[in-house]
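Structure file start31.cif (mmCIF, C-alpha atoms) follows.
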```
data_entry
loop_
_atom_site.group_PDB
_atom_site.id
_atom_site.type_symbol
_atom_site.label_atom_id
_atom_site.label_comp_id
_atom_site.auth_asym_id
_atom_site.auth_seq_id
_atom_site.Cartn_x
_atom_site.Cartn_y
_atom_site.Cartn_z
ATOM 1 C CA MET J 1 113.387 101.890 118.039
ATOM 2 C CA THR J 2 113.044 99.126 120.616
ATOM 3 C CA PRO J 3 114.078 99.059 124.263
ATOM 4 C CA SER J 4 117.549 97.595 124.605
ATOM 5 C CA SER J 5 120.352 97.265 127.119
ATOM 6 C CA ALA J 6 121.585 100.179 129.172
ATOM 7 C CA ARG J 7 125.034 99.743 127.649
ATOM 8 C CA SER J 8 123.789 100.375 124.122
ATOM 9 C CA TRP J 9 122.555 103.795 125.243
ATOM 10 C CA SER J 10 125.792 104.888 126.923
ATOM 11 C CA SER J 11 127.005 106.993 124.011
ATOM 12 C CA THR J 12 123.598 108.696 123.760
ATOM 13 C CA VAL J 13 123.703 109.500 127.469
ATOM 14 C CA ALA J 14 127.237 110.872 127.126
ATOM 15 C CA SER J 15 126.193 113.021 124.173
ATOM 16 C CA LEU J 16 123.182 114.250 126.135
ATOM 17 C CA ARG J 17 125.468 115.360 128.954
ATOM 18 C CA LYS J 18 127.729 117.188 126.514
ATOM 19 C CA ALA J 19 124.760 118.921 124.884
ATOM 20 C CA SER J 20 123.338 119.899 128.264
ATOM 21 C CA ASP J 21 126.645 121.458 129.282
ATOM 22 C CA GLY J 22 126.805 123.231 125.935
ATOM 23 C CA CYS J 23 123.389 124.799 126.539
ATOM 24 C CA LEU J 24 124.579 126.278 129.810
ATOM 25 C CA ALA J 25 127.861 127.501 128.327
ATOM 26 C CA GLY J 26 125.923 130.087 126.326
ATOM 27 C CA GLY J 27 126.971 131.870 123.152
ATOM 28 C CA ARG J 28 125.677 131.286 119.666
ATOM 29 C CA GLU J 29 126.738 127.626 119.820
ATOM 30 C CA ALA J 30 124.218 127.069 122.604
ATOM 31 C CA PHE J 31 121.378 127.035 120.079
ATOM 32 C CA GLY J 32 122.845 123.992 118.367
ATOM 33 C CA HIS J 33 123.522 122.330 121.708
ATOM 34 C CA PHE J 34 119.906 122.895 122.711
ATOM 35 C CA GLU J 35 118.662 121.306 119.493
ATOM 36 C CA GLN J 36 120.999 118.379 120.109
ATOM 37 C CA TYR J 37 119.820 118.085 123.711
ATOM 38 C CA VAL J 38 116.147 118.017 122.741
ATOM 39 C CA ASN J 39 116.920 115.524 120.011
ATOM 40 C CA LEU J 40 118.718 113.138 122.371
ATOM 41 C CA LEU J 41 116.236 113.578 125.234
ATOM 42 C CA PHE J 42 113.352 112.558 123.009
ATOM 43 C CA CYS J 43 115.425 109.855 121.343
ATOM 44 C CA LEU J 44 116.014 108.295 124.774
ATOM 45 C CA THR J 45 112.402 108.610 125.768
ATOM 46 C CA VAL J 46 109.142 109.052 123.869
ATOM 47 C CA ALA J 47 109.994 109.981 120.277
ATOM 48 C CA HIS J 48 108.858 107.771 117.422
ATOM 49 C CA LYS J 49 111.648 106.763 115.047
ATOM 50 C CA ASP J 50 110.158 109.045 112.377
ATOM 51 C CA ALA J 51 109.965 112.077 114.671
ATOM 52 C CA ALA J 52 111.644 115.299 113.637
ATOM 53 C CA ILE J 53 112.572 118.698 115.028
ATOM 54 C CA ARG J 54 113.815 121.841 113.370
ATOM 55 C CA LEU J 55 115.812 124.898 114.315
ATOM 56 C CA SER J 56 115.086 128.239 112.646
ATOM 57 C CA HIS J 57 117.010 131.461 112.666
ATOM 58 C CA PRO J 58 117.227 134.658 110.650
ATOM 59 C CA ALA J 59 119.914 135.229 108.058
ATOM 60 C CA ALA J 60 120.674 138.546 109.721
ATOM 61 C CA THR J 61 122.504 138.457 113.021
ATOM 62 C CA SER J 62 120.009 137.887 115.771
ATOM 63 C CA ASN J 63 119.913 136.612 119.307
ATOM 64 C CA VAL J 64 116.609 134.853 118.657
ATOM 65 C CA TRP J 65 116.200 131.343 117.284
ATOM 66 C CA GLY J 66 113.249 128.996 117.296
ATOM 67 C CA LEU J 67 113.016 125.276 117.913
ATOM 68 C CA THR J 68 109.897 123.422 116.885
ATOM 69 C CA GLY J 69 108.713 119.936 116.232
ATOM 70 C CA GLY J 70 108.364 118.655 112.672
ATOM 71 C CA HIS J 71 110.357 119.243 109.510
ATOM 72 C CA ASP J 72 108.252 121.546 107.422
ATOM 73 C CA PRO J 73 108.169 125.245 108.361
ATOM 74 C CA ARG J 74 104.628 125.383 106.951
ATOM 75 C CA GLY J 75 103.578 122.201 108.714
ATOM 76 C CA GLY J 76 102.408 121.535 112.234
ATOM 77 C CA PRO J 77 105.156 121.800 114.868
ATOM 78 C CA ALA J 78 104.572 118.321 116.272
ATOM 79 C CA ILE J 79 106.894 115.533 117.341
ATOM 80 C CA ARG J 80 105.531 112.075 116.627
ATOM 81 C CA LEU J 81 105.506 109.922 119.775
ATOM 82 C CA THR J 82 105.895 106.208 120.303
ATOM 83 C CA ASP J 83 102.200 105.845 121.236
ATOM 84 C CA GLY J 84 101.069 107.228 117.880
ATOM 85 C CA ARG J 85 100.084 110.587 119.356
ATOM 86 C CA TYR J 86 102.023 113.846 119.110
ATOM 87 C CA LEU J 87 103.752 116.467 121.195
ATOM 88 C CA ARG J 88 103.301 119.911 119.704
ATOM 89 C CA LEU J 89 106.454 121.835 120.613
ATOM 90 C CA VAL J 90 107.485 125.436 120.024
ATOM 91 C CA ALA J 91 110.354 127.122 121.865
ATOM 92 C CA TRP J 92 111.438 130.745 121.471
ATOM 93 C CA LEU J 93 115.124 130.835 122.368
ATOM 94 C CA GLU J 94 117.175 133.916 123.052
ATOM 95 C CA LEU J 95 120.685 134.824 124.145
ATOM 96 C CA ASP J 96 120.620 137.091 127.176
ATOM 97 C CA MET J 97 123.131 139.824 126.368
ATOM 98 C CA ARG J 98 122.973 141.158 129.939
ATOM 99 C CA ALA J 99 124.018 137.793 131.298
ATOM 100 C CA GLY J 100 127.051 136.840 129.254
ATOM 101 C CA ARG J 101 125.067 135.588 126.242
ATOM 102 C CA GLN J 102 123.443 132.849 128.277
ATOM 103 C CA LEU J 103 120.784 130.810 126.497
ATOM 104 C CA ARG J 104 117.300 131.567 127.746
ATOM 105 C CA ILE J 105 113.910 130.132 126.943
ATOM 106 C CA GLN J 106 111.879 133.223 126.294
ATOM 107 C CA ALA J 107 108.689 131.296 125.678
ATOM 108 C CA MET J 108 107.650 127.706 125.192
ATOM 109 C CA THR J 109 104.575 125.627 124.621
ATOM 110 C CA TRP J 110 104.238 121.875 124.534
ATOM 111 C CA GLN J 111 100.980 120.081 123.999
ATOM 112 C CA TYR J 112 100.100 116.391 124.050
ATOM 113 C CA GLN J 113 97.592 115.779 121.296
ATOM 114 C CA ASN J 114 95.892 112.986 119.405
ATOM 115 C CA ALA J 115 96.615 114.049 115.844
ATOM 116 C CA VAL J 116 99.412 115.852 114.112
ATOM 117 C CA ASN J 117 97.653 119.040 113.175
ATOM 118 C CA ASP J 118 94.324 119.659 114.846
ATOM 119 C CA ASP J 119 92.779 120.655 118.168
ATOM 120 C CA SER J 120 92.506 117.159 119.645
ATOM 121 C CA TRP J 121 94.664 118.041 122.601
ATOM 122 C CA VAL J 122 94.871 116.443 126.034
ATOM 123 C CA LEU J 123 97.084 118.790 128.038
ATOM 124 C CA ARG J 124 99.359 121.725 127.416
ATOM 125 C CA ALA J 125 102.082 123.620 129.227
ATOM 126 C CA ASP J 126 102.776 127.261 128.364
ATOM 127 C CA TYR J 127 105.578 129.481 129.545
ATOM 128 C CA SER J 128 106.393 133.076 128.730
ATOM 129 C CA ARG J 129 108.720 135.574 130.367
ATOM 130 C CA ALA J 130 106.698 138.358 128.784
ATOM 131 C CA GLN J 131 103.112 139.242 129.437
ATOM 132 C CA ILE J 132 100.910 136.885 127.420
ATOM 133 C CA ALA J 133 97.768 139.009 127.302
ATOM 134 C CA THR J 134 96.152 141.923 129.061
ATOM 135 C CA ALA J 135 94.838 139.743 131.884
ATOM 136 C CA SER J 136 98.080 137.897 132.218
ATOM 137 C CA PRO J 137 98.088 134.324 133.535
ATOM 138 C CA PRO J 138 101.013 132.881 135.537
ATOM 139 C CA ARG J 139 104.179 132.856 133.447
ATOM 140 C CA GLY J 140 104.292 129.073 133.630
ATOM 141 C CA HIS J 141 101.007 127.209 133.600
ATOM 142 C CA PHE J 142 99.190 124.054 132.528
ATOM 143 C CA HIS J 143 95.916 123.504 130.713
ATOM 144 C CA VAL J 144 93.953 120.261 130.720
ATOM 145 C CA ASP J 145 91.204 119.573 128.207
ATOM 146 C CA GLY J 146 88.382 117.866 130.065
ATOM 147 C CA THR J 147 85.349 118.384 132.262
ATOM 148 C CA LEU J 148 85.005 118.630 136.030
ATOM 149 C CA ARG J 149 82.832 116.064 137.815
ATOM 150 C CA GLN J 150 81.509 118.717 140.179
ATOM 151 C CA PRO J 151 78.955 121.005 138.538
ATOM 152 C CA GLY J 152 78.947 124.774 138.912
ATOM 153 C CA VAL J 153 82.587 125.145 139.929
ATOM 154 C CA LEU J 154 83.498 127.032 136.780
ATOM 155 C CA GLY J 155 81.430 129.643 135.032
ATOM 156 C CA PRO J 156 79.232 128.516 132.139
ATOM 157 C CA LYS J 157 81.537 130.090 129.599
ATOM 158 C CA GLN J 158 84.768 128.886 131.171
ATOM 159 C CA PRO J 159 85.676 125.366 130.072
ATOM 160 C CA LEU J 160 88.298 123.519 132.096
ATOM 161 C CA GLY J 161 90.680 123.752 129.146
ATOM 162 C CA ARG J 162 90.941 127.510 129.664
ATOM 163 C CA VAL J 163 91.901 127.303 133.330
ATOM 164 C CA HIS J 164 95.531 128.224 133.993
ATOM 165 C CA PHE J 165 97.035 125.854 136.555
ATOM 166 C CA PRO J 166 100.224 127.563 137.755
ATOM 167 C CA CYS J 167 103.575 125.821 137.530
ATOM 168 C CA ARG J 168 107.114 127.127 137.581
ATOM 169 C CA GLN J 169 109.212 125.869 134.704
ATOM 170 C CA PRO J 170 107.448 123.414 132.377
ATOM 171 C CA THR J 171 110.660 121.710 131.323
ATOM 172 C CA LEU J 172 110.857 119.154 128.560
ATOM 173 C CA GLU J 173 112.100 116.679 131.147
ATOM 174 C CA ALA J 174 108.817 117.171 132.991
ATOM 175 C CA ALA J 175 107.011 116.566 129.715
ATOM 176 C CA VAL J 176 108.677 113.230 129.021
ATOM 177 C CA VAL J 177 108.221 112.031 132.616
ATOM 178 C CA LEU J 178 104.540 112.979 132.491
ATOM 179 C CA LEU J 179 104.028 111.232 129.181
ATOM 180 C CA ALA J 180 105.903 108.086 130.154
ATOM 181 C CA ASP J 181 104.771 107.695 133.764
ATOM 182 C CA GLU J 182 101.209 109.013 133.669
ATOM 183 C CA PHE J 183 100.101 108.398 130.116
ATOM 184 C CA GLY J 184 102.060 105.212 129.494
ATOM 185 C CA VAL J 185 103.843 106.451 126.400
ATOM 186 C CA PRO J 186 106.500 103.800 125.682
ATOM 187 C CA THR J 187 110.122 104.854 126.003
ATOM 188 C CA ASN J 188 112.991 103.864 123.746
ATOM 189 C CA ALA J 189 115.691 103.421 126.387
ATOM 190 C CA PRO J 190 115.230 101.265 129.489
ATOM 191 C CA HIS J 191 113.598 102.952 132.473
ATOM 192 C CA GLU J 192 116.767 103.173 134.557
ATOM 193 C CA VAL J 193 118.656 104.816 131.699
ATOM 194 C CA TRP J 194 116.257 107.574 130.803
ATOM 195 C CA ARG J 195 115.164 108.274 134.398
ATOM 196 C CA THR J 196 118.773 108.710 135.459
ATOM 197 C CA ALA J 197 119.437 111.050 132.552
ATOM 198 C CA VAL J 198 116.328 113.128 133.257
ATOM 199 C CA ALA J 199 117.207 113.372 136.943
ATOM 200 C CA GLU J 200 120.697 114.527 136.061
ATOM 201 C CA HIS J 201 119.641 117.241 133.651
ATOM 202 C CA GLU J 202 116.261 118.600 134.729
ATOM 203 C CA ALA J 203 117.637 121.058 137.257
ATOM 204 C CA LYS J 204 120.122 122.325 134.687
ATOM 205 C CA SER J 205 117.397 122.739 132.095
ATOM 206 C CA ALA J 206 115.296 124.691 134.583
ATOM 207 C CA ARG J 207 118.073 127.286 134.645
ATOM 208 C CA LEU J 208 117.266 128.122 131.018
ATOM 209 C CA PHE J 209 113.904 129.399 132.220
ATOM 210 C CA ASP J 210 115.407 131.212 135.212
ATOM 211 C CA LEU J 211 112.263 132.937 136.398
ATOM 212 C CA MET X 1 118.644 110.255 116.532
ATOM 213 C CA LEU X 2 115.657 112.251 115.403
ATOM 214 C CA ALA X 3 115.724 113.836 111.987
ATOM 215 C CA THR X 4 116.706 117.480 112.277
ATOM 216 C CA LYS X 5 116.850 120.455 109.966
ATOM 217 C CA THR X 6 118.126 123.971 110.412
ATOM 218 C CA TYR X 7 116.482 126.749 108.426
ATOM 219 C CA THR X 8 117.947 130.161 107.768
ATOM 220 C CA PHE X 9 115.302 132.707 106.807
ATOM 221 C CA THR X 10 115.612 136.098 105.154
ATOM 222 C CA ARG X 11 113.592 138.995 106.504
ATOM 223 C CA ASP X 12 110.978 138.589 103.750
ATOM 224 C CA GLU X 13 110.700 134.853 104.362
ATOM 225 C CA ILE X 14 110.108 135.511 108.057
ATOM 226 C CA VAL X 15 107.374 138.039 107.321
ATOM 227 C CA GLU X 16 105.742 135.642 104.854
ATOM 228 C CA LEU X 17 105.853 132.791 107.384
ATOM 229 C CA VAL X 18 104.279 134.966 110.075
ATOM 230 C CA ARG X 19 101.493 135.787 107.647
ATOM 231 C CA PHE X 20 101.024 132.092 106.842
ATOM 232 C CA LYS X 21 101.007 131.010 110.491
ATOM 233 C CA SER X 22 98.611 133.804 111.456
ATOM 234 C CA LEU X 23 96.078 133.035 108.759
ATOM 235 C CA GLU X 24 96.395 129.312 109.480
ATOM 236 C CA HIS X 25 95.033 129.996 112.946
ATOM 237 C CA GLY X 26 92.382 132.477 111.870
ATOM 238 C CA HIS X 27 94.198 135.698 112.746
ATOM 239 C CA GLU X 28 94.893 138.704 110.573
ATOM 240 C CA PRO X 29 98.671 138.977 110.179
ATOM 241 C CA GLU X 30 98.567 142.726 110.829
ATOM 242 C CA ASP X 31 96.936 142.055 114.205
ATOM 243 C CA VAL X 32 99.655 139.558 115.083
ATOM 244 C CA PHE X 33 102.419 142.006 114.156
ATOM 245 C CA ARG X 34 100.696 144.791 116.086
ATOM 246 C CA ASN X 35 100.098 142.667 119.168
ATOM 247 C CA PHE X 36 103.640 141.381 119.139
ATOM 248 C CA ALA X 37 105.000 144.911 118.960
ATOM 249 C CA VAL X 38 103.366 145.679 122.314
ATOM 250 C CA ARG X 39 104.162 142.166 123.617
ATOM 251 C CA ASP X 40 100.495 141.278 123.870
ATOM 252 C CA LEU X 41 100.936 137.607 123.064
ATOM 253 C CA ARG X 42 97.287 136.632 122.855
ATOM 254 C CA ASP X 43 96.277 133.157 121.652
ATOM 255 C CA PHE X 44 99.727 132.324 122.917
ATOM 256 C CA SER X 45 99.979 128.606 122.253
ATOM 257 C CA ARG X 46 98.636 128.623 118.726
ATOM 258 C CA LEU X 47 100.573 131.706 117.692
ATOM 259 C CA LEU X 48 103.871 131.085 119.462
ATOM 260 C CA GLU X 49 105.541 130.043 116.215
ATOM 261 C CA ALA X 50 104.443 133.324 114.658
ATOM 262 C CA TYR X 51 105.569 135.323 117.694
ATOM 263 C CA THR X 52 108.962 133.603 117.681
ATOM 264 C CA LEU X 53 109.393 134.535 114.043
ATOM 265 C CA CYS X 54 108.398 138.130 114.881
ATOM 266 C CA ALA X 55 111.082 138.170 117.555
ATOM 267 C CA MET X 56 113.675 137.391 114.886
ATOM 268 C CA LEU X 57 112.946 140.722 113.215
ATOM 269 C CA PRO X 58 114.438 144.043 114.377
ATOM 270 C CA GLU X 59 112.115 145.939 116.691
ATOM 271 C CA ASP X 60 112.029 148.843 114.218
ATOM 272 C CA ASP X 61 111.054 146.685 111.264
ATOM 273 C CA PRO X 62 108.362 148.494 109.226
ATOM 274 C CA VAL X 63 106.025 145.526 109.556
ATOM 275 C CA PHE X 64 105.443 146.410 113.197
ATOM 276 C CA SER X 65 104.235 149.919 112.391
ATOM 277 C CA THR X 66 101.576 149.049 109.811
#
```
Could the structure of this file be written out as structure tokens, please?
Amino acid sequence: MTPSSARSWSSTVASLRKASDGCLAGGREAFGHFEQYVNLLFCLTVAHKDAAIRLSHPAATSNVWGLTGGHDPRGGPAIRLTDGRYLRLVAWLELDMRAGRQLRIQAMTWQYQNAVNDDSWVLRADYSRAQIATASPPRGHFHVDGTLRQPGVLGPKQPLGRVHFPCRQPTLEAAVVLLADEFGVPTNAPHEVWRTAVAEHEAKSARLFDL
Amino acid sequence: MLATKTYTFTRDEIVELVRFKSLEHGHEPEDVFRNFAVRDLRDFSRLLEAYTLCAMLPEDDPVFST
């Protein structure tokens, strides 16, 4: 995919808007709208042309579906990016029966990494409504794999990568802005197109987290 | 557009995938089922796929009581 005119992306932007509205409408159809939204968001921004995502759900009736990067259920859940690196993405989606079957993100992780299926990660955002572990970190938080320049700030057995930097909702819009603006990952649509779309939809997407 | 696929899994396929994903990351599947049952989502990022699959099963599924 190569950057092109804003006009050539107008139908994608319109479809993105429709998918975003569909996510907020709730009901079982919201799962498909969410998959479509993620697809189009990454298509506009940082996804490589060979990137893939998948939606999984049980044959039995259930309010829980999963969205992950990649095609193969036994493969790594990573979306190939335009810079040759990957975004590992897993989202646990659920319909909230107490709130009119609204779509909710129950948990999510996205991780920028060097290779498709190993631990060569750069940064990661985690979010969970539920308690993650006994000593529970903030429900939304970031990790950065690196080292501090100042010695002795962290304990000897606490690498920087295990520090939980609090954040509220680590939306996918935040992910693509971070990747494009801070890490220079090339985008498919022109800057004014994808930035406008992200600005329009990020607040709506944050409602799916609804802390 | 990105390539997309939608998978529909039976109960046994879900259990098998949880086992696969657990072992892939060096965890005993029984520990993952047990931890999920009490919502102790340890090693959260690596195991979130497995936990999501667990969430697709009924809470009273026998796999959570082993």
Legend entry - Residues of chain X within 9 Å of chain J, counting only C-alpha atoms, as JSON, numbers by chain: {"X": [1, 2, 3, 4, 5, 6, 7, 8, 9, 10, 11, 14, 17, 20, 21, 39, 40, 41, 42, 43, 44, 45, 46, 48, 49, 51, 52, 53, 55, 56, 57, 58]}
Legend entry - Selection dump of the PyMOL selection byres ((chain J and resi 198-200) around 10), as a VMD selection string: chain J and resid 16 to 17 20 41 44 to 45 172 to 174 176 to 177 193 to 197 201 to 205
Contacts of Gln169 of chain J at 9 Å (all atoms listed in the file; same-chain gap of 3+ positions) as a short mmCIF file (atom, residue, chain, number, x, y, z; two decimals) with C-alpha atoms, in the coordinates of the input:
```cif
data_model
loop_
_atom_site.label_atom_id
_atom_site.label_comp_id
_atom_site.auth_asym_id
_atom_site.auth_seq_id
_atom_site.Cartn_x
_atom_site.Cartn_y
_atom_site.Cartn_z
CA TYR J 127 105.58 129.48 129.54
CA ARG J 139 104.18 132.86 133.45
CA GLY J 140 104.29 129.07 133.63
CA HIS J 141 101.01 127.21 133.60
CA ALA J 174 108.82 117.17 132.99
CA ALA J 206 115.30 124.69 134.58
CA ARG J 207 118.07 127.29 134.65
CA PHE J 209 113.90 129.40 132.22
CA ASP J 210 115.41 131.21 135.21
CA LEU J 211 112.26 132.94 136.40
#
```
Inset, instruction - Go through J:Tyr37, J:Gln102, J:Pro138, J:Pro159 and flag the residue nearest Ala14 of chain J, using only C-alpha atoms for the distances. - result: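 Looking at the shortest contact to Ala14 of chain J, the residue is J:Tyr37.
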Legend entry - Atomic separation - atom CA of Val63 of chain X relative to atom CA of Val32 of chain X, Å: 10.3 Å
Inset, instruction - Have a look at atom CA of Asp61 of chain X and atom CA of Val38 of chain X and let me know their distance in Å, one decimal. - result: 13.5 Å
Inset, instruction - Give me, please, the distance in Å between atom CA of Ser8 of chain J and atom CA of Thr82 of chain J, quoted to one decimal. - result: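 Pair atom CA of Ser8 of chain J / atom CA of Thr82 of chain J returns 19.2 Å.
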Inset, instruction - Select all residues near (102.8, 146.2, 116.3) (cut-off 10 Å, inclusive, file coordinates), counting only C-alpha atoms, and output them as an NGL selection string. - result: :X and (30-40 or 54 or 59-66)
Inset, instruction - Extract, using only C-alpha atoms, all DNA, RNA and protein residues at most 9 Å from Arg28 of chain J, discarding same-chain residues fewer than 6 positions from it, and format them as a ChimeraX atom specification. - result: /J:63,95,101,103
Legend entry - Expansion of the PyMOL selection byres ((chain J and resi 186) around 9) into residues, as a count of residues only: 12
Legend entry - Shell of 7 Å around Tyr86 of chain J, only C-alpha atoms, local chain residues under 4 positions omitted, as a PyMOL selection string: chain J and resi 78-81+112-116
Based on the selection just made, write C-alpha atoms of those residues as an mmCIF file, in the coordinates of the input.
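Output (part-v4.cif):
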```cif
data_model
loop_
_atom_site.group_PDB
_atom_site.id
_atom_site.type_symbol
_atom_site.label_atom_id
_atom_site.label_comp_id
_atom_site.auth_asym_id
_atom_site.auth_seq_id
_atom_site.Cartn_x
_atom_site.Cartn_y
_atom_site.Cartn_z
ATOM 1 C CA ALA J 78 104.572 118.321 116.272
ATOM 2 C CA ILE J 79 106.894 115.533 117.341
ATOM 3 C CA ARG J 80 105.531 112.075 116.627
ATOM 4 C CA LEU J 81 105.506 109.922 119.775
ATOM 5 C CA TYR J 112 100.100 116.391 124.050
ATOM 6 C CA GLN J 113 97.592 115.779 121.296
ATOM 7 C CA ASN J 114 95.892 112.986 119.405
ATOM 8 C CA ALA J 115 96.615 114.049 115.844
ATOM 9 C CA VAL J 116 99.412 115.852 114.112
#
```
Padding of 8 Å on every side, edges along x, y and z, all listed atoms of segment 29-35 of chain X included: what centre and edge lengths in Å, to one decimal, does that box have, as AutoDock Vina command-line options?
```
--center_x 99.7 --center_y 141.9 --center_z 114.7 --size_x 21.5 --size_y 21.8 --size_z 25.0
```
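Within 10 Å of Thr147 of chain J, once only C-alpha atoms are used and residues closer than 6 positions along the same chain are dropped, the contacting residues are Leu154, Pro159, Leu160 and Gly161 of chain J.
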